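Visitor: I'd like to ask some things about the structure below.
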Amino acid sequence: MKAAVVTDFGKPLEIQDLPVPEPGPGQVLVRMEASGLCHTDIHAAHGDWPVKPKPPFVPGHEGVGPVQAVGAGVSEDLLGKRVAIPWLGSSCGTCRYCVSGWETLCEAQVNSGYSVDGCYAEYAVAHAGAVVEVPEGVSSFDAAPLTCAGVTTYKAIKVAHVVPAERVAVFGVGGLGHLAVQYARLVGAFVTAVDLEPDKLGLAHRLGADQTVNARTHDPVEEIKKVGGADVAVVLAAAPKAFEQAFRSLNRGGRLVMVALPADNASIDVPIFESVLKGISVIGSIVGTRQDLAEVFALHAAGRTQVIAEPRRLADVNDSFDEVLGGRAEARLVFEF
């Protein structure tokens, strides 16, 4: 099978011919139809984060396709079913996080395309208990970005406990941000979209954002304050400055939701006095659970969301990375097989 392989950090990925993997006990083999390109894949390939994957490895955690084979202990009923392989490759299933519906916080978790080979390949193995079935009303092409970009931003809106008529500021409109705008609107929020690129702000406007702010030409804090301030700020741009601006845009009782992961474990200053007196909450939001992803698929199947993405070939993986890093991708890129 063809696979895109990270051979060393910072080097171009290599398209290699690898054996089709066999599913072990508790695993399934998935024939890939579509696999989304997440910025996390680029961080993985560059070794940007404190906990690094070990080359060589195959990145990718937005893979979708039918189950071709099952390992020992897995029901054959899964054969032929179309499933998504998400970032959470597996969890222990017994810790207090797993049993309370927060398996994404499990300390024993395995991550697709990071600690185990992922979906930038014609076939991938995954734990049967971690995959999520894709309903008929959702194409594989759309399901791929929803598997990470969708469920991540959906969860961010969930943990912020947004209520109707609150203002949600989305910092960073792209693969994640264009979906965050939609999920915020679905729960009745007014939405401000902040980005550096006019085209992405135009996309946010088309998707229903009530206010757009070009952070290259205007101070987002001032512009958001003009419309009453933000009750929730969701940060999807991997730049510390965006986090600082988001914090300063908040009203009393506001919630800062941190989602993006800047390289080198960057930090921001959170003023204690101001945070206490204004009742500010700072929330770290990781990807959603299997249940969250099932809800994301259900909303999309019902026509409540749009996925903005462009198809690419796996052979063009390095050019696609450059597109994302250069800000030239309107939203998500999806490898089709």
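The way I read the labels, and the way they are meant: chains A, B, ... in the order of the structure tokens, residue 1 as the first residue of every chain, and ligand 1 as the first ligand shown, with later ones counted on from there.
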Mind the document's chain letters and residue numbers, and return as JSON, numbers by chain the residues of stretch 34-248 of chain A that DSSP labels helix (DSSP H, G or I).

Guide: {"A": [39, 40, 41, 42, 43, 44, 45, 46, 76, 77, 78, 96, 97, 98, 99, 103, 104, 105, 140, 141, 142, 143, 144, 145, 146, 147, 148, 149, 150, 151, 152, 153, 154, 155, 156, 157, 158, 159, 177, 178, 179, 180, 181, 182, 183, 184, 185, 186, 198, 199, 200, 201, 202, 203, 204, 205, 206, 220, 221, 222, 223, 224, 225, 226, 240, 241, 242, 243, 244, 245, 246, 247, 248]}

Visitor: Within 10 Å of A:Glu33, counting only C-alpha atoms, which residues show up once you throw out same-chain ones fewer than 5 positions away? Write them as JSON, numbers by chain, please.

Guide: {"A": [63, 64, 65, 66, 82, 119, 121, 122, 123, 139, 140, 141, 144, 335, 336, 337]}

Visitor: Would you save the residues of that selection, restricted to N, CA and C atoms, as a CSV table (one decimal), in the first residue's frame?

Guide:
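File part05.csv, as written:
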```
chain,number,residue,atom,x,y,z
A,63,GLY,N,-9.3,9.8,9.4
A,63,GLY,CA,-9.4,8.9,8.3
A,63,GLY,C,-10.8,8.2,8.3
A,64,VAL,N,-11.3,8.0,7.1
A,64,VAL,CA,-12.7,7.5,6.9
A,64,VAL,C,-12.7,6.4,5.8
A,65,GLY,N,-13.4,5.3,6.1
A,65,GLY,CA,-13.5,4.3,5.1
A,65,GLY,C,-14.1,3.0,5.6
A,66,PRO,N,-14.4,2.0,4.8
A,66,PRO,CA,-15.1,0.8,5.2
A,66,PRO,C,-14.1,-0.1,5.9
A,82,ARG,N,-18.8,1.8,7.3
A,82,ARG,CA,-17.9,2.9,7.1
A,82,ARG,C,-17.7,3.6,8.5
A,119,CYS,N,-3.5,7.6,9.4
A,119,CYS,CA,-4.4,7.5,8.2
A,119,CYS,C,-3.9,8.0,6.9
A,121,ALA,N,-2.5,6.8,4.6
A,121,ALA,CA,-2.2,5.5,3.9
A,121,ALA,C,-3.4,4.9,3.3
A,122,GLU,N,-3.2,4.0,2.4
A,122,GLU,CA,-4.4,3.4,1.8
A,122,GLU,C,-5.1,2.4,2.7
A,123,TYR,N,-4.5,2.0,3.7
A,123,TYR,CA,-5.1,1.1,4.8
A,123,TYR,C,-4.5,1.5,6.1
A,139,SER,N,-20.9,12.2,3.6
A,139,SER,CA,-19.9,11.6,2.7
A,139,SER,C,-18.6,11.4,3.4
A,140,SER,N,-17.8,10.5,2.9
A,140,SER,CA,-16.5,10.3,3.5
A,140,SER,C,-15.6,11.5,3.4
A,141,PHE,N,-15.8,12.3,2.4
A,141,PHE,CA,-15.0,13.6,2.2
A,141,PHE,C,-15.3,14.5,3.3
A,144,ALA,N,-14.3,13.3,7.0
A,144,ALA,CA,-12.9,13.4,7.5
A,144,ALA,C,-12.6,14.6,8.3
A,335,PHE,N,-7.2,14.4,1.8
A,335,PHE,CA,-6.6,13.5,0.8
A,335,PHE,C,-7.7,12.5,0.5
A,336,GLU,N,-7.9,12.3,-0.9
A,336,GLU,CA,-8.8,11.3,-1.3
A,336,GLU,C,-8.0,10.1,-1.9
A,337,PHE,N,-8.6,8.9,-1.7
A,337,PHE,CA,-7.9,7.7,-2.1
A,337,PHE,C,-8.8,7.0,-3.2
```

Visitor: Residues near stretch 167-182 of chain A, anyone? I mean within 6 Å using only C-alpha atoms, not counting same-chain ones fewer than 4 positions away, as a list in words.

Guide: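 Result of the neighbour search: Ala149, Thr153, Ala189, Phe190, Val191, Thr192, Ala193, Val194, Asp195, Lys200, Ala230, Asp231, Val232, Ala233, Val234, Val235, Leu236, Ala237, Ala331 and Arg332 of chain A.
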
Visitor: Would you mind reading off the distance between atom CA of A:Gly137 and atom CA of A:Ala302, one decimal, in Å?

Guide: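 Taking atom CA of A:Gly137 and atom CA of A:Ala302, their separation equals 7.7 Å.
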
Visitor: Calculated over only C-alpha atoms, which of the candidates A:Met258, A:Val6, A:Val134, A:Leu325 has the smallest distance to A:Ser281?

Guide: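 Closest to A:Ser281 of all the choices is A:Met258.
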
Visitor: Write out as an MDAnalysis selection string which residues come within 7 Å of A:Thr147 when counting only C-alpha atoms, dropping same-chain ones fewer than 2 positions away.

Guide: chainID A and resid 62 84 86 143:145 149:151 293

Visitor: Which residue is closest to A:Thr40? Choose from A:Ser112, A:Ser267, A:Thr217, A:Thr305 and count only C-alpha atoms.

Guide: A:Ser112

Visitor: What is the atom CA of A:Val317 to atom CA of A:Pro21 distance in Å?

Guide: 21.3 Å
